[in-house]
Amino acid sequence: MLTHNHTTKAAACIVFCGFFTGPQLLAAEATTPQDWIDRMGNAVQVTNYEGTVVRVRDGNVDTFKVVHTVKDGVIREKVVIQDGNGLEIIRNGNEVHCILPDRESVLVEEWNNQSTLFSTLPSSDIRFGNEYDVLIKDFERVAGRKSAMLAILPHDNYRYGYRIWLDLETGFPLQTQLIGDDNQPLEHVKFADISIEQDIRSGALDPSYSTDNWKWYTEPRLTMKREVQSDWLADDVPSGFRVVSTQQKILPDVDDPLTHIVYSDGLVTVSVFIAPVSDGMEPRRSSVGASNSYSTVIDGNRITAVGQVPQITVEQIAKSMRRSQ
Amino acid sequence: MNEAIRMQVSAFVDGELPENEADLLVRRLSQDAHLRKQVSEYLAIGRIMRGEYSLQGSDALRERIAAELDAGSLQEPADSVVANEPSRYFRPVAGAAIAATVALAAIFGLGRVADVDTAVPATAVVADETVSETVPSMSDDELRQLMILHGDGSNSFSTRVTSLQMRAEELDEEAAVEDPDAEDDEDVTEPVTSQP
């Protein structure tokens, strides 16, 4: 039996402090946590910004220069990783170029969705009061801007908590923290500096290198995907998780199709991958940052669950996958 | 990196640093690659000391750090503030650079996918009726590919960036295969003939 992390059971509560006066009333339209989440959902879609993001996780500090614009519905982004191999990610609509300066190579990918780098949360679907509580906890300055801190508190140990600092003026997330079950941050993502809705300087989205004579690579990794009905289901998913999509994917150099079922509790997603295996396989637990995975074999199929959730969650979902008859 | 910065970093990681100080620290980190490296080393050592990494080779590393501790080349801080705190983070003072170098080689040189529990007992396999008895483990490449597929549909900034970083690592490996000295290796990715 899992213990609840938090005693708060109210569907949602809001705590205003004395700090919330004067200019902060610019955010007066957002009076409830859900309003703030809606504002954020809109802000990450429409806000133009340029800044420096610092991410601390897994005992590592990464810094990214980011530029993001939206014009006539076309998203353009540039992310430059300041450490390591200096990877640059440049997105123009659906086309993404990953530039590897040290290899003088460019990998071309396609993103067939409208999500942006900071689409941290959905504006709907999350059922506060069931799996999470949400409250506005504090008002602080982040990257020199006034912000409201939204705390999302899970009811159980099957999911992480979040703290999100939202720009009072625009609702844009200036800082996020992923909170583990010991109430300690697992990951920080924070703007060190940011310019919002300023005219993004000309050329800010251009590559930093002349790549004309570099090697260009297509993306052969995923050759086909389609929505399907699957007879696989988890019969013991943690509360609130439900199937939001089921796809069949054909991967290069792989004969058997891969079934990809996505579970969501409205805030996070867990992918379950199912593929036939001829040989057996030892169960395996792995992690990347705050994301965990668990693999096992059931009825001659390799089942792998992956998600930014605690290990217990991916393990329970993977182990409970059954083929319905 | 001085002790004050170490204390600040620990407080920041614990979510306990006042926001104005956190702002200054993050700004400094964003501008100082050397400090980022030092902080990464410092945090990595803390994680290893707490046994939070089980990457291939890290057990040996942990033993080596323990040996360094026994030999006195690594010391627990004498600072009373630190000493009175729960030992959530090991705060190396002298000799840290030795362990840091080893830690970096072990952690960052071995990739980003870490086995959380490499010692899954075989009995666990047998105990679950539906789980096959079996043999080979899923390869890192296979797992990485699934994590990339998951990241493709994720809304999280970190997950998506990590997914792209993994793709870049794949490309890096594939590009290495193209080395003239390794002509026999199979290319996985085909170069495009035309450029946009």
# chains A, B, ... in the order shown; residues from 1 in each chain; ligands from 1
call {"tool": "residues_around", "arguments": {"residues": "Lys37 in chain B", "least_positions_apart": "6", "cutoff": "9 Å", "atoms": "only C-alpha atoms", "output": "CSV table (one decimal) with N, CA and C atoms, in the first residue's frame"}}
result
chain,number,residue,atom,x,y,z
A,60,ASN,N,24.6,16.8,-13.0
A,60,ASN,CA,25.2,17.4,-14.1
A,60,ASN,C,24.5,18.8,-14.4
A,61,VAL,N,25.3,19.7,-14.8
A,61,VAL,CA,24.8,21.1,-15.1
A,61,VAL,C,24.9,21.3,-16.6
A,83,ASP,N,27.7,23.1,-23.6
A,83,ASP,CA,28.8,22.2,-23.2
A,83,ASP,C,28.9,21.0,-24.1
call {"tool": "closest_residue", "arguments": {"among": "B:Glu16, B:Ala22, B:Arg6, B:Leu43", "to": "chain A", "atoms": "only C-alpha atoms"}}
result
B:Leu43
call {"tool": "closest_atom_pairs", "arguments": {"of": "range 125-217 of chain A", "to": "range 234-246 of chain A", "cutoff": "8 Å", "atoms": "only C-alpha atoms", "output": "tab-separated table"}}
result
residue	atom	partner	partner_atom	distance
A:Asn130	CA	A:Gly240	CA	7.5
A:Glu131	CA	A:Gly240	CA	6.4
A:Tyr158	CA	A:Pro238	CA	6.8
call {"tool": "residues_around", "arguments": {"residues": "Asp14 in chain B", "least_positions_apart": "5", "cutoff": "12 Å", "atoms": "only C-alpha atoms", "output": "VMD selection string"}}
result
(chain A and resid 56 to 57 177 to 180 182 to 188) or (chain B and resid 7 to 9 22 43 88 to 89)
call {"tool": "write_last_selection", "arguments": {"atoms": "N, CA and C atoms", "output": "mmCIF file, in the first residue's frame"}}
result
data_model
loop_
_atom_site.group_PDB
_atom_site.id
_atom_site.type_symbol
_atom_site.label_atom_id
_atom_site.label_comp_id
_atom_site.auth_asym_id
_atom_site.auth_seq_id
_atom_site.Cartn_x
_atom_site.Cartn_y
_atom_site.Cartn_z
ATOM 1 N N VAL A 56 19.851 21.443 -14.177
ATOM 2 C CA VAL A 56 20.649 20.676 -13.218
ATOM 3 C C VAL A 56 19.914 19.369 -12.950
ATOM 4 N N ARG A 57 20.545 18.262 -13.254
ATOM 5 C CA ARG A 57 19.953 16.961 -12.956
ATOM 6 C C ARG A 57 21.044 15.910 -13.009
ATOM 7 N N GLN A 177 10.724 22.748 -11.574
ATOM 8 C CA GLN A 177 11.420 21.737 -10.768
ATOM 9 C C GLN A 177 10.564 20.485 -10.755
ATOM 10 N N LEU A 178 11.228 19.367 -10.918
ATOM 11 C CA LEU A 178 10.567 18.072 -10.825
ATOM 12 C C LEU A 178 10.874 17.546 -9.427
ATOM 13 N N ILE A 179 9.832 17.195 -8.678
ATOM 14 C CA ILE A 179 10.020 16.867 -7.267
ATOM 15 C C ILE A 179 9.810 15.374 -7.013
ATOM 16 N N GLY A 180 10.802 14.742 -6.402
ATOM 17 C CA GLY A 180 10.716 13.315 -6.101
ATOM 18 C C GLY A 180 9.910 13.042 -4.845
ATOM 19 N N ASP A 182 10.749 12.176 -2.015
ATOM 20 C CA ASP A 182 11.314 12.654 -0.755
ATOM 21 C C ASP A 182 11.224 14.176 -0.674
ATOM 22 N N ASN A 183 10.423 14.748 -1.582
ATOM 23 C CA ASN A 183 10.201 16.192 -1.651
ATOM 24 C C ASN A 183 11.453 16.959 -2.061
ATOM 25 N N GLN A 184 12.423 16.263 -2.616
ATOM 26 C CA GLN A 184 13.636 16.918 -3.103
ATOM 27 C C GLN A 184 13.556 17.054 -4.617
ATOM 28 N N PRO A 185 14.043 18.176 -5.162
ATOM 29 C CA PRO A 185 14.022 18.329 -6.622
ATOM 30 C C PRO A 185 14.907 17.285 -7.312
ATOM 31 N N LEU A 186 14.354 16.663 -8.333
ATOM 32 C CA LEU A 186 15.126 15.719 -9.145
ATOM 33 C C LEU A 186 15.778 16.452 -10.304
ATOM 34 N N GLU A 187 15.163 17.541 -10.686
ATOM 35 C CA GLU A 187 15.648 18.258 -11.863
ATOM 36 C C GLU A 187 15.210 19.710 -11.789
ATOM 37 N N HIS A 188 16.130 20.593 -12.106
ATOM 38 C CA HIS A 188 15.802 22.017 -12.210
ATOM 39 C C HIS A 188 15.979 22.444 -13.665
ATOM 40 N N MET B 7 28.213 25.159 -0.871
ATOM 41 C CA MET B 7 27.035 25.226 -0.003
ATOM 42 C C MET B 7 25.829 25.733 -0.788
ATOM 43 N N GLN B 8 26.096 26.738 -1.634
ATOM 44 C CA GLN B 8 25.001 27.286 -2.444
ATOM 45 C C GLN B 8 24.444 26.230 -3.387
ATOM 46 N N VAL B 9 25.359 25.485 -4.011
ATOM 47 C CA VAL B 9 24.934 24.464 -4.969
ATOM 48 C C VAL B 9 24.105 23.400 -4.255
ATOM 49 N N ALA B 22 19.465 32.004 -5.892
ATOM 50 C CA ALA B 22 19.401 30.998 -6.962
ATOM 51 C C ALA B 22 19.563 31.672 -8.317
ATOM 52 N N LEU B 43 28.674 17.373 -7.850
ATOM 53 C CA LEU B 43 27.398 16.680 -7.692
ATOM 54 C C LEU B 43 27.528 15.200 -8.027
ATOM 55 N N ARG B 88 23.519 14.098 3.173
ATOM 56 C CA ARG B 88 22.890 13.943 1.860
ATOM 57 C C ARG B 88 23.934 14.102 0.771
ATOM 58 N N TYR B 89 24.814 15.039 0.958
ATOM 59 C CA TYR B 89 25.862 15.218 -0.026
ATOM 60 C C TYR B 89 27.220 15.098 0.618
#
call {"tool": "closest_residue", "arguments": {"among": "A:Val53, A:Ile37, A:Ile194, A:Val66", "to": "chain B", "atoms": "only C-alpha atoms"}}
result
A:Val53
call {"tool": "select_by_dssp", "arguments": {"residues": "range 71-298 of chain A", "states": "strand (DSSP E)", "output": "number ranges by chain"}}
result
A: 71, 74-81, 88-92, 95-100, 105-110, 132-142, 145-154, 161-167, 173-179, 185-196, 215-217, 224-227, 232-234, 242-250, 258-264, 269-276, 284-288, 291-298
call {"tool": "write_last_selection", "arguments": {"atoms": "C-alpha atoms", "output": "CSV table (one decimal), in the first residue's frame"}}
result
chain,number,residue,atom,x,y,z
A,71,LYS,CA,4.9,33.6,-36.9
A,74,VAL,CA,5.0,28.4,-37.9
A,75,ILE,CA,7.3,27.6,-34.9
A,76,ARG,CA,11.0,28.3,-35.3
A,77,GLU,CA,13.4,27.4,-32.6
A,78,LYS,CA,17.1,27.2,-32.0
A,79,VAL,CA,18.7,25.4,-29.1
A,80,VAL,CA,22.5,25.5,-28.6
A,81,ILE,CA,24.0,23.2,-26.0
A,88,GLU,CA,22.7,22.8,-32.2
A,89,ILE,CA,19.1,22.0,-32.7
A,90,ILE,CA,17.3,24.2,-35.3
A,91,ARG,CA,13.6,23.8,-35.9
A,92,ASN,CA,11.7,25.4,-38.8
A,95,GLU,CA,11.8,20.2,-39.9
A,96,VAL,CA,14.5,19.9,-37.4
A,97,HIS,CA,18.2,20.0,-38.0
A,98,CYS,CA,20.6,18.6,-35.4
A,99,ILE,CA,24.0,20.1,-36.1
A,100,LEU,CA,27.1,18.4,-34.8
A,105,SER,CA,27.4,16.7,-39.8
A,106,VAL,CA,23.7,17.6,-39.9
A,107,LEU,CA,20.9,15.2,-38.9
A,108,VAL,CA,17.5,16.1,-40.5
A,109,GLU,CA,14.5,15.0,-38.5
A,110,GLU,CA,10.8,15.7,-38.7
A,132,TYR,CA,-2.8,15.8,-8.0
A,133,ASP,CA,-3.5,19.0,-6.0
A,134,VAL,CA,-2.5,22.3,-7.3
A,135,LEU,CA,-1.9,25.5,-5.5
A,136,ILE,CA,-0.3,28.9,-6.1
A,137,LYS,CA,2.4,29.0,-3.4
A,138,ASP,CA,4.5,32.0,-3.7
A,139,PHE,CA,5.5,35.0,-5.7
A,140,GLU,CA,9.2,35.5,-6.5
A,141,ARG,CA,11.5,36.9,-9.0
A,142,VAL,CA,13.1,34.6,-11.6
A,145,ARG,CA,10.9,38.9,-13.8
A,146,LYS,CA,8.1,38.7,-11.3
A,147,SER,CA,6.6,35.2,-11.2
A,148,ALA,CA,4.0,33.1,-9.5
A,149,MET,CA,5.0,29.7,-8.2
A,150,LEU,CA,2.5,26.9,-9.1
A,151,ALA,CA,3.0,23.7,-7.0
A,152,ILE,CA,1.5,20.5,-8.3
A,153,LEU,CA,1.4,17.9,-5.6
A,154,PRO,CA,0.8,14.2,-6.4
A,161,GLY,CA,5.4,16.7,-8.2
A,162,TYR,CA,6.2,19.9,-10.0
A,163,ARG,CA,6.9,23.5,-9.1
A,164,ILE,CA,6.6,25.9,-12.0
A,165,TRP,CA,7.4,29.6,-11.8
A,166,LEU,CA,5.2,31.5,-14.2
A,167,ASP,CA,5.9,34.9,-15.5
A,173,PRO,CA,7.3,29.2,-17.4
A,174,LEU,CA,10.6,30.7,-16.2
A,175,GLN,CA,11.6,27.9,-14.0
A,176,THR,CA,10.5,24.3,-13.4
A,177,GLN,CA,11.4,21.7,-10.8
A,178,LEU,CA,10.6,18.1,-10.8
A,179,ILE,CA,10.0,16.9,-7.3
A,185,PRO,CA,14.0,18.3,-6.6
A,186,LEU,CA,15.1,15.7,-9.1
A,187,GLU,CA,15.6,18.3,-11.9
A,188,HIS,CA,15.8,22.0,-12.2
A,189,VAL,CA,15.2,23.9,-15.5
A,190,LYS,CA,15.7,27.6,-15.0
A,191,PHE,CA,16.2,30.6,-17.2
A,192,ALA,CA,19.3,32.5,-16.2
A,193,ASP,CA,18.2,35.3,-18.5
A,194,ILE,CA,15.3,35.8,-20.9
A,195,SER,CA,13.9,38.4,-23.2
A,196,ILE,CA,10.1,37.9,-23.8
A,215,LYS,CA,27.4,15.7,-44.3
A,216,TRP,CA,23.7,15.7,-44.2
A,217,TYR,CA,21.7,12.7,-42.9
A,224,MET,CA,6.1,4.2,-40.7
A,225,LYS,CA,3.5,4.6,-38.0
A,226,ARG,CA,-0.3,4.2,-37.9
A,227,GLU,CA,-3.0,4.3,-35.3
A,232,TRP,CA,-2.8,-5.5,-25.2
A,233,LEU,CA,-3.9,-3.7,-22.0
A,234,ALA,CA,-2.4,-3.1,-18.6
A,242,ARG,CA,-5.5,5.7,-19.2
A,243,VAL,CA,-4.6,4.9,-22.8
A,244,VAL,CA,-4.4,8.1,-25.0
A,245,SER,CA,-2.9,6.5,-28.1
A,246,THR,CA,-2.0,3.2,-29.6
A,247,GLN,CA,0.3,3.1,-32.7
A,248,GLN,CA,2.1,0.5,-34.7
A,249,LYS,CA,5.6,1.5,-35.8
A,250,ILE,CA,7.8,-0.1,-38.3
A,258,LEU,CA,6.5,-2.3,-32.7
A,259,THR,CA,3.3,-1.6,-30.8
A,260,HIS,CA,3.5,1.7,-28.9
A,261,ILE,CA,0.7,2.4,-26.3
A,262,VAL,CA,0.8,5.7,-24.5
A,263,TYR,CA,-0.8,6.0,-21.0
A,264,SER,CA,-1.3,9.4,-19.4
A,269,THR,CA,2.9,10.1,-20.2
A,270,VAL,CA,4.2,6.5,-20.0
A,271,SER,CA,5.0,4.7,-23.2
A,272,VAL,CA,4.7,1.0,-23.4
A,273,PHE,CA,6.5,-0.7,-26.3
A,274,ILE,CA,5.6,-4.3,-27.3
A,275,ALA,CA,7.6,-6.3,-29.7
A,276,PRO,CA,7.9,-10.1,-30.3
A,284,ARG,CA,15.9,-4.6,-16.7
A,285,ARG,CA,15.4,-1.4,-14.9
A,286,SER,CA,17.1,1.8,-16.3
A,287,SER,CA,17.0,5.5,-16.0
A,288,VAL,CA,17.9,8.6,-17.9
A,291,SER,CA,12.9,9.1,-16.6
A,292,ASN,CA,12.7,5.5,-15.8
A,293,SER,CA,12.2,2.3,-17.8
A,294,TYR,CA,11.4,-1.3,-17.1
A,295,SER,CA,11.6,-4.2,-19.5
A,296,THR,CA,10.4,-7.7,-19.2
A,297,VAL,CA,9.0,-10.5,-21.4
A,298,ILE,CA,5.3,-11.6,-21.3
call {"tool": "closest_residue", "arguments": {"among": "B:Glu142, B:Glu21, B:Gly15, B:Ala4", "to": "chain A", "atoms": "only C-alpha atoms"}}
result
B:Gly15
call {"tool": "closest_residue", "arguments": {"among": "A:Asp206, A:Asp62, A:Asp256, A:Glu169", "to": "chain B", "atoms": "only C-alpha atoms"}}
result
A:Asp62
call {"tool": "closest_residue", "arguments": {"among": "A:Val228, A:Ala43, A:Asp102, A:Val67", "to": "chain B", "atoms": "only C-alpha atoms"}}
result
A:Asp102
call {"tool": "closest_residue", "arguments": {"among": "A:Gly51, A:Gly300, A:Gly93, A:Gly59", "to": "Tyr42 in chain B", "atoms": "only C-alpha atoms"}}
result
A:Gly59
call {"tool": "atom_distance", "arguments": {"atom1": "CA of Asp299 in chain A", "atom2": "CA of Arg144 in chain B"}}
result
23.3 Å
call {"tool": "atom_distance", "arguments": {"atom1": "CA of Gly41 in chain A", "atom2": "CA of Thr170 in chain A"}}
result
10.7 Å
